[in-house]
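With CSV, C-alpha atoms and all ligand atoms inside, this is model_22.csv:
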chain,number,residue,atom,x,y,z
R,150,MET,CA,15.4,12.2,16.2
R,151,ALA,CA,11.8,12.3,15.0
R,152,GLU,CA,9.4,10.3,17.2
R,153,SER,CA,8.4,7.0,15.4
R,154,TRP,CA,4.9,6.1,14.4
R,155,THR,CA,4.0,2.7,15.8
R,156,VAL,CA,1.0,0.7,14.7
R,157,LEU,CA,-0.8,1.5,17.9
R,158,LYS,CA,0.0,5.2,17.8
R,159,ILE,CA,-1.0,5.6,14.2
R,160,LEU,CA,-4.3,3.7,14.7
R,161,LYS,CA,-5.2,6.0,17.6
R,162,TRP,CA,-4.4,9.1,15.6
R,163,THR,CA,-6.2,7.9,12.5
R,164,SER,CA,-9.4,6.9,14.4
R,165,GLY,CA,-9.7,10.4,15.8
R,166,TYR,CA,-8.9,12.0,12.4
R,167,LEU,CA,-11.6,9.9,10.6
R,168,ALA,CA,-14.1,10.5,13.4
R,169,GLU,CA,-13.6,14.3,13.0
R,170,ARG,CA,-14.5,13.9,9.4
R,171,GLY,CA,-17.8,12.3,10.2
R,172,ILE,CA,-16.8,8.6,9.7
R,173,ASP,CA,-18.6,6.4,12.2
R,174,ASN,CA,-16.3,3.4,12.3
R,175,GLY,CA,-13.0,5.3,12.1
R,176,ARG,CA,-11.1,2.8,14.2
R,177,LEU,CA,-12.3,-0.2,12.3
R,178,ASP,CA,-11.5,1.5,8.9
R,179,ALA,CA,-8.1,2.5,10.2
R,180,GLU,CA,-7.4,-1.1,11.2
R,181,LEU,CA,-8.6,-2.6,7.9
R,182,LEU,CA,-6.5,-0.1,5.9
R,183,LEU,CA,-3.4,-0.6,7.9
R,184,ALA,CA,-3.8,-4.4,8.1
R,185,ASP,CA,-4.1,-4.5,4.3
R,186,LEU,CA,-1.0,-2.3,3.9
R,187,LEU,CA,1.1,-4.4,6.2
R,188,GLN,CA,-0.3,-7.7,4.9
R,189,LEU,CA,-1.6,-8.7,8.3
R,190,ASP,CA,-5.0,-9.6,9.6
R,191,ARG,CA,-6.5,-7.6,12.4
R,192,VAL,CA,-5.2,-10.0,15.0
R,193,GLY,CA,-1.8,-9.6,13.5
R,194,LEU,CA,-2.1,-5.9,13.9
R,195,TYR,CA,-2.9,-6.3,17.6
R,196,LEU,CA,0.2,-8.5,18.0
R,197,ASN,CA,2.3,-5.8,16.4
R,198,PHE,CA,1.2,-2.7,18.2
R,199,ASP,CA,4.8,-1.6,18.9
R,200,ARG,CA,6.0,-2.1,15.4
R,201,PRO,CA,7.2,1.1,13.9
R,202,LEU,CA,6.1,2.0,10.3
R,203,ASN,CA,8.9,2.9,7.9
R,204,ALA,CA,8.8,6.0,5.7
R,205,ALA,CA,7.3,4.2,2.6
R,206,GLU,CA,4.6,2.6,4.7
R,207,LEU,CA,3.8,5.9,6.3
R,208,THR,CA,3.4,7.7,3.0
R,209,ASP,CA,1.2,4.9,1.6
R,210,PHE,CA,-0.9,4.8,4.7
R,211,ARG,CA,-1.4,8.6,4.7
R,212,GLN,CA,-2.6,8.4,1.1
R,213,ARG,CA,-5.1,5.8,2.0
R,214,VAL,CA,-6.4,7.6,5.0
R,215,GLY,CA,-6.7,10.8,2.9
R,216,ARG,CA,-8.9,9.0,0.5
R,217,ARG,CA,-11.1,7.6,3.2
R,218,ALA,CA,-11.3,11.1,4.9
R,219,ARG,CA,-12.6,12.4,1.6
R,220,ARG,CA,-15.3,9.8,2.0
R,221,GLU,CA,-14.2,7.3,-0.6
R,222,PRO,CA,-15.7,3.9,0.3
R,223,LEU,CA,-13.3,1.7,2.2
R,224,GLN,CA,-13.9,-1.1,-0.3
R,225,TYR,CA,-12.8,1.0,-3.3
R,226,ILE,CA,-9.5,1.8,-1.5
R,227,LEU,CA,-8.9,-1.8,-0.7
R,228,GLY,CA,-10.2,-2.9,-4.1
R,229,ARG,CA,-12.2,-5.7,-2.6
R,230,ALA,CA,-15.4,-6.5,-0.8
R,231,GLU,CA,-17.0,-9.6,0.7
R,232,PHE,CA,-20.4,-10.8,-0.3
R,233,TRP,CA,-22.0,-14.1,0.7
R,234,SER,CA,-18.7,-14.9,2.4
R,235,LEU,CA,-17.0,-14.8,-1.0
R,236,PRO,CA,-14.3,-12.4,-2.2
R,237,PHE,CA,-15.1,-9.8,-4.9
R,238,ARG,CA,-13.0,-7.3,-6.6
R,239,VAL,CA,-14.6,-3.9,-6.7
R,240,GLY,CA,-13.9,-0.5,-8.1
R,241,PRO,CA,-15.6,2.7,-9.1
R,242,ALA,CA,-17.5,1.0,-12.0
R,243,VAL,CA,-19.5,-1.1,-9.6
R,244,LEU,CA,-21.7,-0.7,-6.6
R,245,VAL,CA,-20.1,-2.2,-3.5
R,246,PRO,CA,-22.2,-5.3,-2.8
R,247,ARG,CA,-24.3,-4.9,0.3
R,248,PRO,CA,-25.2,-7.4,3.0
R,249,ASP,CA,-28.9,-6.6,2.5
R,250,THR,CA,-28.6,-8.1,-1.0
R,251,GLU,CA,-27.8,-11.5,0.6
R,252,VAL,CA,-31.5,-11.7,1.5
R,253,LEU,CA,-32.3,-11.7,-2.2
R,254,VAL,CA,-29.8,-14.6,-2.7
R,255,GLU,CA,-31.5,-16.5,0.2
R,256,GLU,CA,-34.9,-16.0,-1.4
R,257,ALA,CA,-33.6,-17.1,-4.8
R,258,LEU,CA,-32.0,-20.2,-3.3
R,259,ALA,CA,-35.3,-21.1,-1.6
R,260,ARG,CA,-37.0,-21.2,-5.0
R,261,ALA,CA,-34.4,-22.4,-7.4
R,262,THR,CA,-34.3,-26.0,-8.6
R,263,PRO,CA,-30.8,-27.5,-8.7
R,264,ALA,CA,-30.4,-27.0,-12.5
R,265,ALA,CA,-32.2,-23.6,-12.6
R,266,ARG,CA,-31.7,-21.2,-15.5
R,267,ILE,CA,-31.2,-17.9,-13.8
R,268,LEU,CA,-31.0,-14.3,-15.2
R,269,ASP,CA,-29.3,-11.6,-13.1
R,270,VAL,CA,-30.3,-8.1,-14.4
R,271,GLY,CA,-27.9,-5.3,-13.5
R,272,THR,CA,-25.2,-7.6,-12.2
R,273,GLY,CA,-22.6,-5.0,-11.3
R,274,SER,CA,-19.8,-6.8,-9.5
R,275,GLY,CA,-21.5,-10.0,-10.3
R,276,ALA,CA,-22.3,-10.5,-6.6
R,277,ILE,CA,-25.7,-12.1,-7.0
R,278,ALA,CA,-24.9,-14.1,-10.1
R,279,VAL,CA,-21.7,-15.5,-8.6
R,280,ALA,CA,-23.2,-16.3,-5.2
R,281,LEU,CA,-26.1,-18.2,-6.9
R,282,ALA,CA,-23.8,-20.1,-9.2
R,283,HIS,CA,-21.5,-20.9,-6.2
R,284,GLU,CA,-24.4,-22.4,-4.2
R,285,LEU,CA,-26.1,-24.2,-7.2
R,286,PRO,CA,-23.4,-26.2,-8.9
R,287,ALA,CA,-25.7,-27.4,-11.7
R,288,ALA,CA,-27.3,-24.0,-12.4
R,289,ARG,CA,-26.5,-21.8,-15.3
R,290,VAL,CA,-26.6,-18.0,-14.8
R,291,ALA,CA,-26.9,-15.3,-17.5
R,292,ALA,CA,-25.9,-11.9,-16.2
R,293,VAL,CA,-26.4,-8.6,-17.9
R,294,ASP,CA,-25.5,-5.0,-17.3
R,295,ILE,CA,-25.4,-1.8,-19.3
R,296,SER,CA,-21.9,-1.0,-18.0
R,297,LYS,CA,-19.1,-2.8,-19.9
R,298,GLU,CA,-16.6,-1.9,-17.2
R,299,ALA,CA,-18.9,-3.6,-14.6
R,300,LEU,CA,-19.1,-6.7,-16.8
R,301,LEU,CA,-15.3,-7.0,-17.0
R,302,LEU,CA,-15.0,-6.9,-13.2
R,303,ALA,CA,-18.0,-9.3,-12.8
R,304,ALA,CA,-16.3,-11.8,-15.2
R,305,GLU,CA,-13.2,-11.6,-13.1
R,306,ASN,CA,-15.2,-12.2,-10.0
R,307,ALA,CA,-16.7,-15.3,-11.5
R,308,ARG,CA,-13.2,-16.6,-12.3
R,309,VAL,CA,-11.9,-15.9,-8.9
R,310,ASN,CA,-14.8,-17.8,-7.4
R,311,GLY,CA,-14.5,-20.8,-9.7
R,312,VAL,CA,-17.9,-20.4,-11.5
R,313,ALA,CA,-16.9,-18.8,-14.8
R,314,GLU,CA,-17.9,-21.8,-16.8
R,315,ARG,CA,-21.5,-21.5,-15.7
R,316,VAL,CA,-22.0,-17.7,-15.7
R,317,THR,CA,-22.2,-15.7,-18.9
R,318,PHE,CA,-21.8,-11.9,-18.9
R,319,THR,CA,-23.5,-9.9,-21.7
R,320,PRO,CA,-24.1,-6.2,-22.2
R,321,GLY,CA,-27.8,-5.5,-22.0
R,322,ASN,CA,-30.3,-2.9,-21.2
R,323,LEU,CA,-32.9,-3.8,-18.7
R,324,HIS,CA,-35.5,-1.8,-20.6
R,325,ALA,CA,-35.0,-3.9,-23.7
R,326,LEU,CA,-33.9,-7.4,-22.6
R,327,ALA,CA,-33.5,-10.3,-25.1
R,328,ASP,CA,-36.1,-13.1,-24.9
R,329,GLY,CA,-35.2,-16.0,-22.7
R,330,GLU,CA,-36.5,-19.1,-20.9
R,331,PHE,CA,-35.5,-18.5,-17.3
R,332,ASP,CA,-36.8,-20.2,-14.2
R,333,LEU,CA,-35.7,-17.3,-12.1
R,334,VAL,CA,-35.0,-13.6,-12.8
R,335,VAL,CA,-33.3,-11.7,-10.1
R,336,ALA,CA,-32.4,-8.0,-10.0
R,337,ASN,CA,-31.0,-5.5,-7.6
R,338,PRO,CA,-31.7,-2.6,-10.0
R,339,PRO,CA,-31.0,1.1,-9.6
R,340,TYR,CA,-33.9,2.3,-7.3
R,341,ILE,CA,-33.1,5.6,-5.8
R,342,ALA,CA,-35.6,8.3,-6.8
R,343,ALA,CA,-33.9,11.0,-8.7
R,344,THR,CA,-34.8,13.7,-6.1
R,345,ASP,CA,-33.2,11.6,-3.3
R,346,LEU,CA,-29.8,11.3,-5.0
R,347,ALA,CA,-28.5,14.5,-3.6
R,348,GLY,CA,-29.3,13.5,0.0
R,349,LEU,CA,-27.3,10.2,-0.1
R,350,MET,CA,-24.2,9.7,2.1
R,351,PRO,CA,-21.1,11.1,0.4
R,352,GLU,CA,-19.6,7.7,0.1
R,353,VAL,CA,-22.6,6.7,-2.1
R,354,ARG,CA,-23.4,10.0,-3.8
R,355,ASP,CA,-19.9,11.0,-4.7
R,356,PHE,CA,-18.2,7.7,-5.5
R,357,GLU,CA,-20.6,4.9,-6.4
R,358,PRO,CA,-21.7,4.9,-10.1
R,359,GLN,CA,-24.8,7.0,-10.8
R,360,LEU,CA,-25.9,4.3,-13.2
R,361,ALA,CA,-26.2,1.9,-10.2
R,362,LEU,CA,-28.3,4.3,-8.2
R,363,ASP,CA,-30.7,6.4,-10.4
R,364,GLY,CA,-34.1,4.7,-10.6
R,365,GLY,CA,-35.8,7.5,-12.4
R,366,SER,CA,-38.2,10.1,-11.1
R,367,ASP,CA,-39.9,7.8,-8.5
R,368,GLY,CA,-37.2,5.2,-8.3
R,369,LEU,CA,-39.5,2.5,-9.8
R,370,ASP,CA,-38.5,2.6,-13.5
R,371,ALA,CA,-36.5,-0.6,-13.5
R,372,TYR,CA,-39.4,-2.5,-11.8
R,373,ARG,CA,-41.9,-1.4,-14.4
R,374,ALA,CA,-39.5,-2.5,-17.1
R,375,LEU,CA,-38.9,-5.9,-15.5
R,376,ALA,CA,-42.7,-6.5,-14.9
R,377,ARG,CA,-43.5,-5.5,-18.5
R,378,GLN,CA,-40.9,-8.0,-19.9
R,379,ALA,CA,-41.6,-10.9,-17.6
R,380,SER,CA,-43.6,-13.0,-20.0
R,381,LYS,CA,-40.8,-13.0,-22.6
R,382,LEU,CA,-38.1,-13.8,-19.9
R,383,LEU,CA,-39.7,-16.4,-17.6
R,384,VAL,CA,-41.1,-19.9,-18.2
R,385,PRO,CA,-44.6,-20.4,-16.8
R,386,GLY,CA,-44.2,-20.8,-13.0
R,387,GLY,CA,-40.9,-19.0,-13.0
R,388,TRP,CA,-40.1,-16.4,-10.4
R,389,LEU,CA,-39.1,-12.7,-10.5
R,390,LEU,CA,-37.3,-11.5,-7.4
R,391,VAL,CA,-36.2,-8.0,-6.9
R,392,GLU,CA,-34.4,-6.0,-4.2
R,393,VAL,CA,-36.3,-2.8,-3.3
R,394,GLY,CA,-35.5,0.4,-1.4
R,395,ALA,CA,-37.0,1.3,1.9
R,396,GLY,CA,-40.7,2.1,1.5
R,397,GLN,CA,-40.9,0.8,-2.1
R,398,ALA,CA,-42.2,-2.7,-1.4
R,399,PRO,CA,-46.0,-1.9,-1.6
R,400,ALA,CA,-45.6,-0.1,-4.9
R,401,VAL,CA,-43.5,-2.9,-6.4
R,402,GLN,CA,-45.9,-5.5,-5.3
R,403,GLU,CA,-48.7,-3.6,-6.9
R,404,LEU,CA,-46.7,-3.4,-10.2
R,405,LEU,CA,-46.2,-7.2,-10.1
R,406,ALA,CA,-49.8,-7.8,-9.3
R,407,ALA,CA,-50.9,-5.6,-12.2
R,408,ALA,CA,-48.5,-7.5,-14.5
R,409,GLY,CA,-50.3,-10.7,-13.6
R,410,PHE,CA,-47.8,-12.2,-11.2
R,411,GLY,CA,-49.1,-14.6,-8.5
R,412,GLU,CA,-47.8,-15.8,-5.1
R,413,LEU,CA,-46.5,-12.4,-4.3
R,414,PHE,CA,-44.3,-12.1,-1.3
R,415,CYS,CA,-42.2,-9.6,0.5
R,416,ARG,CA,-39.2,-10.4,2.7
R,417,ALA,CA,-37.5,-8.0,5.2
R,418,ASP,CA,-33.8,-7.7,5.6
R,419,TYR,CA,-32.1,-8.3,9.0
R,420,ALA,CA,-32.8,-4.7,10.0
R,421,GLY,CA,-36.5,-5.4,9.5
R,422,ILE,CA,-36.8,-3.3,6.3
R,423,PRO,CA,-38.9,-4.9,3.5
R,424,ARG,CA,-36.2,-5.6,1.1
R,425,VAL,CA,-37.1,-8.3,-1.4
R,426,VAL,CA,-40.3,-8.5,-3.4
R,427,GLY,CA,-41.1,-11.4,-5.6
R,428,GLY,CA,-43.9,-13.1,-7.6
R,429,ARG,CA,-44.5,-16.1,-9.8
R,430,HIS,CA,-45.2,-15.8,-13.5
R,431,ILE,CA,-48.4,-17.7,-14.1
Q,1,LIG,C1,-27.8,-1.3,-7.7
Q,1,LIG,S1,-26.6,-1.9,-8.8
Q,1,LIG,C2,-26.6,-3.6,-8.4
Q,1,LIG,C3,-25.3,-4.3,-8.7
Q,1,LIG,C4,-25.3,-5.8,-8.2
Q,1,LIG,N1,-26.3,-6.6,-8.8
Q,1,LIG,C5,-25.4,-5.8,-6.7
Q,1,LIG,O1,-26.5,-6.2,-6.2
Q,1,LIG,O2,-24.5,-5.5,-5.9
Q,1,LIG,C6,-27.5,-1.8,-10.3
Q,1,LIG,C7,-26.8,-2.2,-11.6
Q,1,LIG,O3,-27.6,-2.0,-12.7
Q,1,LIG,C8,-26.9,-1.6,-13.8
Q,1,LIG,N2,-27.8,-0.8,-14.7
Q,1,LIG,C9,-28.2,0.4,-14.6
Q,1,LIG,N3,-29.0,0.8,-15.6
Q,1,LIG,C10,-29.1,-0.4,-16.3
Q,1,LIG,C11,-29.9,-0.7,-17.5
Q,1,LIG,N4,-30.6,0.3,-18.1
Q,1,LIG,N5,-29.7,-1.9,-18.0
Q,1,LIG,C12,-28.9,-2.8,-17.4
Q,1,LIG,N6,-28.2,-2.6,-16.3
Q,1,LIG,C13,-28.3,-1.4,-15.8
Q,1,LIG,C14,-25.8,-0.7,-13.2
Q,1,LIG,O4,-24.7,-0.6,-14.1
Q,1,LIG,C15,-25.5,-1.5,-11.9
Q,1,LIG,O5,-24.4,-2.3,-12.1
Represent the structure from my file as structure tokens, please.
Ligand SMILES: C[S@@+](CC[C@H](N)C(=O)[O-])C[C@H]1O[C@@H](n2cnc3c(N)ncnc32)[C@H](O)[C@@H]1O
Amino acid sequence: MAESWTVLKILKWTSGYLAERGIDNGRLDAELLLADLLQLDRVGLYLNFDRPLNAAELTDFRQRVGRRARREPLQYILGRAEFWSLPFRVGPAVLVPRPDTEVLVEEALARATPAARILDVGTGSGAIAVALAHELPAARVAAVDISKEALLLAAENARVNGVAERVTFTPGNLHALADGEFDLVVANPPYIAATDLAGLMPEVRDFEPQLALDGGSDGLDAYRALARQASKLLVPGGWLLVEVGAGQAPAVQELLAAAGFGELFCRADYAGIPRVVGGRHI
């Protein structure tokens, strides 16, 4: 009789297999993939180390592990991600929301009035828009993205998180935004310099949407466009807050200063990397 694959045995094997393929957290990924398949949490897995997997479970698990070994992001395989401790559906049309972006949400919350009118440019999964609407029950959020597939997913995420009535999702191009009267404009735009795209991790380079990454020749195209349009988007005294890539903060601050913004600030993420730049439209 063939030897059976128990939870513990397959976790050990998968951890080694994923590590051989250059995946740092192979054990954790293996646990999350298996827990999802067996509809358990990770503690549940630990309590079921001796449980054998049946043939259907094994086939399904091998497929998932194969996808991860080919460097597909774990969140795309699971179809979900967590941001701001809220659940989000994700898929190949949207960037997986990153913990770094929570710093942008924190800075926005520090400046938003309770009934703020907020614009989220390049909303992707809707992470920023939904988190802000969730924290500010009287705020209204307009979210735009050039990707219609992303907007569909973002709208679903607003429904799942109970904020759909206060967040609108509209197709829009950040280079030609419609006029508005916003108190706060937030954006985590594409900011990778075109020449750096090839050097990204395979998970990002080969799976996340190019549209979400490519920031033009120096990575700063979106910031120029947002600074240029600030006066038609923001009320006097309103804030523009943007996430920036490592090393981009000084250049983005200069762009905002040149566009007449005041009270410029820069906030580092929890790894100490300058991550959010903002200024006030005066
Ligand atoms: C870096 S992702 C950020 C997604 C999400 N806001 C987040 O923080 O997880 C950038 C988003 O900008 C969108 N985008 C790219 N070019 C755009 C454009 N010209 N106009 C509007 N949105 C654009 C992409 O589709 C993508 O969803």
*Nearest-residue call for Leu326 (chain R), choices R:Val391, R:Val254, R:Leu382, R:Leu183, using all atoms listed in the file*: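 The closest residue to Leu326 (chain R) is R:Leu382.
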*Between CA of Leu389 (chain R) and CA of Ser296 (chain R), what is the spacing in Å?*
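Separation between CA of Ser296 (chain R) and CA of Leu389 (chain R): 22.1 Å.
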*Find the residues around Gly321 (chain R) up to 8 Å (only C-alpha atoms counted), leave out those fewer than 4 positions away in its own chain, and share them as a VMD selection string.*
chain R and resid 293 to 295 325 to 326
*Surrounding residues as number ranges by chain, ligand LIG 1 (chain Q), max 7 Å, all atoms listed in the file*: R: 243-247, 250, 270-277, 293-296, 299, 321-324, 336-339, 360-362
*How many Å lie between CA of Arg429 (chain R) and CA of Gly409 (chain R), rounded to one decimal?*
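CA of Gly409 (chain R) lies at a distance of 8.8 Å from CA of Arg429 (chain R).
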